[in-house]
Structures are given as structure tokens and as C-alpha cells.
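Here the structure comes first, spelled out in C-alpha cells, and everything after it is commentary.
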Amino acid sequence: MITPMTSATTLTTAQAAARLDEFTVVDVRSPGEYAGGHLPGAHNVPLERLDEAADALAAAAARGPLLLVCASGNRSAKGCAHLAARDVAAATLDGGTNAWAAAGHPVERPAGARTPWAMDRQVRLAAGSLVAAGFLAGRFWRPAHWLSGAVGAGLVFSGVTNTCGMAAALARLPHNRPTGEVASFAETLARLAA
């Protein structure tokens with residue numbers, strides 16, 4: 001039996017693929033992103049709901065190692081740090097689901113699920129649209145330039161703090177909600193705790 005990891009570890013896609021059956025895989029992306037494609041057998045616990053899932057994740061970690069994944073590895077690394085503060089060890093996948101799929105490993109999608117754009121692409125579209133709108137509107141009404149400045153300041157804040165309020169807001173939009181046969185959060189917690 002593999003003993004649980006004592007600190008956050010970053011695994012390559014090859015390392016994770018070789019040991020996938022040993023891990024309880026937890027995808028920390030939004031439900032819509034998760035429904036768009038995830039590692040086989042992954043459970044969806046969005047990053048902002050880790051506190052709610054802490055007991056279930058601790059129970060899963062007591063049975064074997066946890067592997068947290070997201071799109072690129074950034075959110076899952078934050079999740080590992082958050083769980084480590086609660087004495088729950090977890091590993092993260094370097095490059096996330098994007099690297100996993102690019103390496104040719106299988107990705108599961110619920111039956112009937114649609115694939116929304118990646119969250120970083122949605123943020124770029126929204127931010128770029130707001131900056132362009134602020135610039136164009138500013139030609140006719142000078143104070144509208146402040147919209148572009150506010151978006152730019154938000155992007156700087158996002159870069160400095162490594163958080164993204166726009167992504168959090170976009171994740172709540174209807175097109176980012178899961179479609180198809182996706183387990184509810186309560187079902188996911190029950191599966192993790194069992």
C-alpha cells in the first residue's frame with residue numbers, strides 16, 4: 001500500500017498516468033470546466049468549495065494519496081497549499097488537464113456534456129471586449145476611458161495576487177454550468193467520504 005504524501009508534490013503527466021489507479025483524483029475547476037473534460041475517475045470539488053469538502057477529502061486522503069488537478073496546475077497548487085494548512089496532503093499535476101490531454105492521455109466527458117471555452121480564454125475575451133468598448137466609448141464620452149483603466153487595473157491586481165475575480169464571475173454564468181450527467185456536489189462529497 002502506498003502511504004499518503006506528507007507534503008505537496010508536483011507530478012508530471014507520465015508520473016500521474018503510471019500511478020493513476022493509486023490516487024483519488026480531485027478536479028478543482030468549475031463544474032462547467034469539469035464537464036468539458038477531466039481525468040478518468042476525477043471528482044469535482046471547485047477550489048472555492050474546498051473548505052466545505054475538507055472532511056470528505058481528509059477521509060479520502062486517509063485511504064490513499066490525493067491528486068488535485070485543474071486546467072494548468074495553478075488552481076490545483078493553491079488547493080494543495082490550502083489542504084496542507086488543514087494537514088491533508090495532496091499532489092498536483094504539472095500542466096493540469098491541458099498537459100494531460102496534450103500528452104495523449106484519456107479525458108472523460110459526461111454523456112451529453114458540451115465543452116465551454118477554457119476559463120483563461122473567456123477572461124481574455126471579456127477583458128479585451130471591455131477595454132475596446134471603453135476605448136471606443138471614450139471617443140464620444142471622455143469618462144468612458146475609465147472602463148479601460150479599471151479593467152487594466154484589475155488585470156494587474158490579478159497578476160500580482162494570482163487570483164482572478166473576472167474568472168470567478170464568469171464561472172457563474174449559465175454557459176459555464178455543467179450539462180449532461182454530472183454528479184451533484186453532495187454526491188461527490190459522499191463518494192469521497194465513503
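Within each chain, counting starts at residue 1; across the C-alpha cells, chains are named A, B, ... in the order shown, with ligands numbered 1 upward in that order.
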Strand (DSSP E or B) residues, from DSSP on the backbone, in segment 53-187 of chain A, as a PyMOL selection string: chain A and resi 66-69+91-93+108
Filtering to C-alpha atoms, could you give me those residues as a compact mmCIF listing (two decimals), in the first residue's frame?
# COMPACT_ATOMS: atom_id res chain seq x y z
CA LEU A 66 -4.90 12.66 -3.36
CA LEU A 67 -4.11 14.18 -6.76
CA LEU A 68 -5.54 17.64 -7.37
CA VAL A 69 -5.90 18.82 -10.96
CA ALA A 91 -0.15 16.19 -5.07
CA THR A 92 -0.75 18.43 -8.06
CA LEU A 93 -0.50 17.64 -11.77
CA GLU A 108 -13.68 11.72 -19.71
Selection: 7 Å around segment 43-53 of chain A, only C-alpha atoms, excl. self and same-chain fewer than 4 positions, as a list in words: Val25, Val26, Asp27, Val28, Arg29, Ser30, Pro31, Tyr34, Leu57, Arg75, Gly79, Thr188 and Leu189 of chain A
Written file, previous selection with all heavy atoms, as a CSV table (one decimal), in the first residue's frame:
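New file again13.csv:
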chain,number,residue,atom,x,y,z
A,25,VAL,N,-8.5,11.2,-7.5
A,25,VAL,CA,-8.3,12.4,-8.3
A,25,VAL,C,-9.4,13.4,-8.0
A,25,VAL,O,-10.6,13.1,-8.1
A,25,VAL,CB,-8.2,12.1,-9.8
A,25,VAL,CG1,-8.0,13.3,-10.6
A,25,VAL,CG2,-7.1,11.0,-10.0
A,26,VAL,N,-9.0,14.7,-7.7
A,26,VAL,CA,-10.0,15.7,-7.4
A,26,VAL,C,-9.7,16.9,-8.4
A,26,VAL,O,-8.6,17.5,-8.4
A,26,VAL,CB,-9.9,16.2,-5.9
A,26,VAL,CG1,-10.8,17.3,-5.7
A,26,VAL,CG2,-10.1,15.0,-5.0
A,27,ASP,N,-10.7,17.2,-9.2
A,27,ASP,CA,-10.6,18.3,-10.1
A,27,ASP,C,-11.2,19.6,-9.5
A,27,ASP,O,-12.3,19.6,-9.1
A,27,ASP,CB,-11.4,18.0,-11.4
A,27,ASP,CG,-11.1,18.9,-12.6
A,27,ASP,OD1,-11.0,20.1,-12.3
A,27,ASP,OD2,-11.0,18.4,-13.7
A,28,VAL,N,-10.3,20.6,-9.3
A,28,VAL,CA,-10.7,21.8,-8.6
A,28,VAL,C,-11.3,22.9,-9.5
A,28,VAL,O,-11.5,24.1,-9.1
A,28,VAL,CB,-9.6,22.3,-7.7
A,28,VAL,CG1,-9.2,21.3,-6.6
A,28,VAL,CG2,-8.4,22.8,-8.5
A,29,ARG,N,-11.6,22.6,-10.8
A,29,ARG,CA,-12.1,23.6,-11.7
A,29,ARG,C,-13.6,23.8,-11.4
A,29,ARG,O,-14.2,23.0,-10.7
A,29,ARG,CB,-11.9,23.2,-13.1
A,29,ARG,CG,-10.4,23.1,-13.5
A,29,ARG,CD,-10.2,22.6,-14.9
A,29,ARG,NE,-10.7,21.2,-15.0
A,29,ARG,CZ,-10.9,20.6,-16.2
A,29,ARG,NH1,-10.7,21.3,-17.3
A,29,ARG,NH2,-11.4,19.4,-16.2
A,30,SER,N,-14.2,24.7,-12.1
A,30,SER,CA,-15.6,24.9,-12.0
A,30,SER,C,-16.4,23.7,-12.6
A,30,SER,O,-15.8,23.0,-13.4
A,30,SER,CB,-16.0,26.2,-12.8
A,30,SER,OG,-15.9,26.0,-14.2
A,31,PRO,N,-17.6,23.5,-12.2
A,31,PRO,CA,-18.4,22.4,-12.7
A,31,PRO,C,-18.5,22.4,-14.3
A,31,PRO,O,-18.4,21.3,-14.9
A,31,PRO,CB,-19.7,22.5,-12.1
A,31,PRO,CG,-19.5,23.2,-10.8
A,31,PRO,CD,-18.3,24.2,-11.1
A,34,TYR,N,-15.1,21.2,-15.6
A,34,TYR,CA,-15.0,19.8,-15.3
A,34,TYR,C,-15.8,19.0,-16.3
A,34,TYR,O,-15.4,18.0,-16.9
A,34,TYR,CB,-15.5,19.5,-13.9
A,34,TYR,CG,-15.7,18.1,-13.5
A,34,TYR,CD1,-14.6,17.3,-13.1
A,34,TYR,CD2,-16.9,17.5,-13.6
A,34,TYR,CE1,-14.8,16.0,-12.7
A,34,TYR,CE2,-17.1,16.1,-13.2
A,34,TYR,CZ,-16.0,15.4,-12.8
A,34,TYR,OH,-16.2,14.1,-12.5
A,57,LEU,N,-12.4,15.1,2.0
A,57,LEU,CA,-11.1,15.0,1.4
A,57,LEU,C,-10.1,14.4,2.4
A,57,LEU,O,-9.2,13.6,2.0
A,57,LEU,CB,-10.6,16.3,0.9
A,57,LEU,CG,-11.3,16.9,-0.3
A,57,LEU,CD1,-11.0,18.3,-0.6
A,57,LEU,CD2,-11.1,16.0,-1.6
A,75,ARG,N,-4.5,26.4,-10.1
A,75,ARG,CA,-5.5,26.3,-9.0
A,75,ARG,C,-5.3,25.0,-8.2
A,75,ARG,O,-5.5,25.1,-7.0
A,75,ARG,CB,-6.9,26.3,-9.7
A,75,ARG,CG,-7.4,27.6,-10.2
A,75,ARG,CD,-8.7,27.5,-10.8
A,75,ARG,NE,-8.6,27.1,-12.2
A,75,ARG,CZ,-9.5,26.9,-13.1
A,75,ARG,NH1,-10.8,27.1,-12.7
A,75,ARG,NH2,-9.3,26.5,-14.3
A,79,GLY,N,-4.9,24.7,-4.2
A,79,GLY,CA,-5.7,23.7,-3.5
A,79,GLY,C,-4.8,22.9,-2.6
A,79,GLY,O,-5.2,22.6,-1.4
A,188,THR,N,-20.8,14.0,-4.7
A,188,THR,CA,-19.3,14.0,-4.8
A,188,THR,C,-18.7,13.9,-3.4
A,188,THR,O,-17.8,13.0,-3.1
A,188,THR,CB,-18.7,15.2,-5.5
A,188,THR,OG1,-19.2,15.3,-6.8
A,188,THR,CG2,-17.2,15.2,-5.5
A,189,LEU,N,-19.2,14.6,-2.4
A,189,LEU,CA,-18.7,14.5,-1.1
A,189,LEU,C,-19.0,13.2,-0.5
A,189,LEU,O,-18.1,12.6,0.2
A,189,LEU,CB,-19.4,15.6,-0.2
A,189,LEU,CG,-19.0,17.1,-0.5
A,189,LEU,CD1,-19.7,18.0,0.5
A,189,LEU,CD2,-17.5,17.3,-0.5
Selected residue, from A:His82, A:His145, A:His38, A:Arg124, that lies nearest to Pro106 of chain A when counting only C-alpha atoms: A:His38
12 Å contact set for Leu136 of chain A, only C-alpha atoms, chain neighbours under 6 positions out, as a list of chain:residue names: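 Within the cut-off, the hits are A:Ser129, A:Leu130, A:Arg142, A:Pro143, A:Ala144, A:His145, A:Trp146, A:Leu147, A:Ser148.
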Keeping N, CA, C and O atoms for every residue in the selection just given, could you write it to a file as a PDB file, in the first residue's frame?
ATOM      1  N   SER A 129     -12.786  42.787 -24.641  1.00  0.00           N
ATOM      2  CA  SER A 129     -14.019  43.452 -25.085  1.00  0.00           C
ATOM      3  C   SER A 129     -14.303  44.702 -24.262  1.00  0.00           C
ATOM      4  O   SER A 129     -14.691  45.745 -24.802  1.00  0.00           O
ATOM      5  N   LEU A 130     -14.108  44.610 -22.946  1.00  0.00           N
ATOM      6  CA  LEU A 130     -14.347  45.771 -22.092  1.00  0.00           C
ATOM      7  C   LEU A 130     -13.340  46.891 -22.350  1.00  0.00           C
ATOM      8  O   LEU A 130     -13.703  48.068 -22.361  1.00  0.00           O
ATOM      9  N   ARG A 142     -15.823  61.139 -22.841  1.00  0.00           N
ATOM     10  CA  ARG A 142     -14.479  61.030 -22.269  1.00  0.00           C
ATOM     11  C   ARG A 142     -14.391  60.151 -21.007  1.00  0.00           C
ATOM     12  O   ARG A 142     -13.454  59.357 -20.883  1.00  0.00           O
ATOM     13  N   PRO A 143     -15.317  60.226 -20.050  1.00  0.00           N
ATOM     14  CA  PRO A 143     -15.194  59.405 -18.835  1.00  0.00           C
ATOM     15  C   PRO A 143     -15.228  57.889 -19.095  1.00  0.00           C
ATOM     16  O   PRO A 143     -14.829  57.104 -18.239  1.00  0.00           O
ATOM     17  N   ALA A 144     -15.683  57.479 -20.262  1.00  0.00           N
ATOM     18  CA  ALA A 144     -15.736  56.035 -20.566  1.00  0.00           C
ATOM     19  C   ALA A 144     -14.345  55.416 -20.628  1.00  0.00           C
ATOM     20  O   ALA A 144     -14.212  54.191 -20.503  1.00  0.00           O
ATOM     21  N   HIS A 145     -13.305  56.228 -20.797  1.00  0.00           N
ATOM     22  CA  HIS A 145     -11.939  55.693 -20.790  1.00  0.00           C
ATOM     23  C   HIS A 145     -11.616  55.009 -19.464  1.00  0.00           C
ATOM     24  O   HIS A 145     -10.745  54.145 -19.400  1.00  0.00           O
ATOM     25  N   TRP A 146     -12.312  55.429 -18.412  1.00  0.00           N
ATOM     26  CA  TRP A 146     -12.069  54.831 -17.099  1.00  0.00           C
ATOM     27  C   TRP A 146     -12.385  53.335 -17.093  1.00  0.00           C
ATOM     28  O   TRP A 146     -11.799  52.580 -16.317  1.00  0.00           O
ATOM     29  N   LEU A 147     -13.294  52.898 -17.953  1.00  0.00           N
ATOM     30  CA  LEU A 147     -13.600  51.461 -18.038  1.00  0.00           C
ATOM     31  C   LEU A 147     -12.346  50.687 -18.435  1.00  0.00           C
ATOM     32  O   LEU A 147     -12.008  49.669 -17.825  1.00  0.00           O
ATOM     33  N   SER A 148     -11.646  51.188 -19.447  1.00  0.00           N
ATOM     34  CA  SER A 148     -10.401  50.525 -19.873  1.00  0.00           C
ATOM     35  C   SER A 148      -9.373  50.526 -18.756  1.00  0.00           C
ATOM     36  O   SER A 148      -8.685  49.520 -18.516  1.00  0.00           O
TER      37      SER A 148
END
Contacts of segment 84-88 of chain A at 12 Å (only C-alpha atoms; same-chain gap of 5+ positions) as number ranges by chain: A: 4-9, 50-51, 53-68, 77-79
Write the residues of the preceding selection, restricted to N, CA and C atoms, as a tab-separated table (two decimals), in the first residue's frame.
chain	number	residue	atom	x	y	z
A	4	PRO	N	0.22	7.88	2.29
A	4	PRO	CA	-0.11	9.23	1.85
A	4	PRO	C	1.12	10.13	1.88
A	5	MET	N	1.14	11.07	0.94
A	5	MET	CA	2.25	12.01	0.87
A	5	MET	C	2.21	12.96	2.04
A	6	THR	N	3.36	13.36	2.52
A	6	THR	CA	3.42	14.25	3.68
A	6	THR	C	3.46	15.72	3.28
A	7	SER	N	3.76	16.03	2.04
A	7	SER	CA	3.74	17.42	1.58
A	7	SER	C	3.33	17.45	0.13
A	8	ALA	N	2.99	18.64	-0.35
A	8	ALA	CA	2.55	18.78	-1.74
A	8	ALA	C	3.67	18.39	-2.68
A	9	THR	N	3.33	17.59	-3.66
A	9	THR	CA	4.25	17.11	-4.66
A	9	THR	C	3.69	17.46	-6.02
A	50	LEU	N	-13.40	24.01	-1.33
A	50	LEU	CA	-12.52	23.07	-0.62
A	50	LEU	C	-12.81	23.03	0.88
A	51	ASP	N	-13.13	24.18	1.47
A	51	ASP	CA	-13.44	24.17	2.91
A	51	ASP	C	-14.64	23.29	3.21
A	53	ALA	N	-15.55	20.74	1.59
A	53	ALA	CA	-15.21	19.35	1.31
A	53	ALA	C	-14.06	18.84	2.16
A	54	ALA	N	-13.56	19.64	3.08
A	54	ALA	CA	-12.34	19.28	3.83
A	54	ALA	C	-12.46	17.94	4.55
A	55	ASP	N	-13.58	17.68	5.20
A	55	ASP	CA	-13.72	16.41	5.94
A	55	ASP	C	-13.73	15.22	4.98
A	56	ALA	N	-14.46	15.35	3.87
A	56	ALA	CA	-14.52	14.27	2.88
A	56	ALA	C	-13.16	14.05	2.24
A	57	LEU	N	-12.42	15.12	1.96
A	57	LEU	CA	-11.10	14.99	1.38
A	57	LEU	C	-10.11	14.38	2.37
A	58	ALA	N	-10.25	14.73	3.65
A	58	ALA	CA	-9.39	14.13	4.67
A	58	ALA	C	-9.65	12.63	4.76
A	59	ALA	N	-10.91	12.24	4.66
A	59	ALA	CA	-11.26	10.81	4.69
A	59	ALA	C	-10.67	10.09	3.48
A	60	ALA	N	-10.76	10.72	2.32
A	60	ALA	CA	-10.19	10.12	1.11
A	60	ALA	C	-8.67	10.02	1.23
A	61	ALA	N	-8.04	11.07	1.77
A	61	ALA	CA	-6.58	11.07	1.93
A	61	ALA	C	-6.11	10.02	2.92
A	62	ALA	N	-6.96	9.68	3.89
A	62	ALA	CA	-6.60	8.64	4.86
A	62	ALA	C	-6.55	7.26	4.20
A	63	ARG	N	-7.29	7.09	3.11
A	63	ARG	CA	-7.31	5.81	2.39
A	63	ARG	C	-6.19	5.70	1.36
A	64	GLY	N	-5.68	6.83	0.90
A	64	GLY	CA	-4.64	6.82	-0.13
A	64	GLY	C	-4.37	8.23	-0.60
A	65	PRO	N	-3.37	8.41	-1.45
A	65	PRO	CA	-2.97	9.76	-1.85
A	65	PRO	C	-4.01	10.48	-2.71
A	66	LEU	N	-4.04	11.80	-2.56
A	66	LEU	CA	-4.90	12.66	-3.36
A	66	LEU	C	-4.08	13.29	-4.48
A	67	LEU	N	-4.70	13.45	-5.64
A	67	LEU	CA	-4.11	14.18	-6.76
A	67	LEU	C	-5.09	15.26	-7.15
A	68	LEU	N	-4.70	16.52	-6.98
A	68	LEU	CA	-5.54	17.64	-7.37
A	68	LEU	C	-5.14	18.09	-8.76
A	77	ALA	N	-2.42	23.72	-7.41
A	77	ALA	CA	-1.33	24.03	-6.48
A	77	ALA	C	-1.86	24.84	-5.30
A	78	LYS	N	-2.76	25.79	-5.57
A	78	LYS	CA	-3.39	26.56	-4.48
A	78	LYS	C	-4.20	25.62	-3.59
A	79	GLY	N	-4.91	24.69	-4.22
A	79	GLY	CA	-5.70	23.73	-3.46
A	79	GLY	C	-4.83	22.87	-2.56
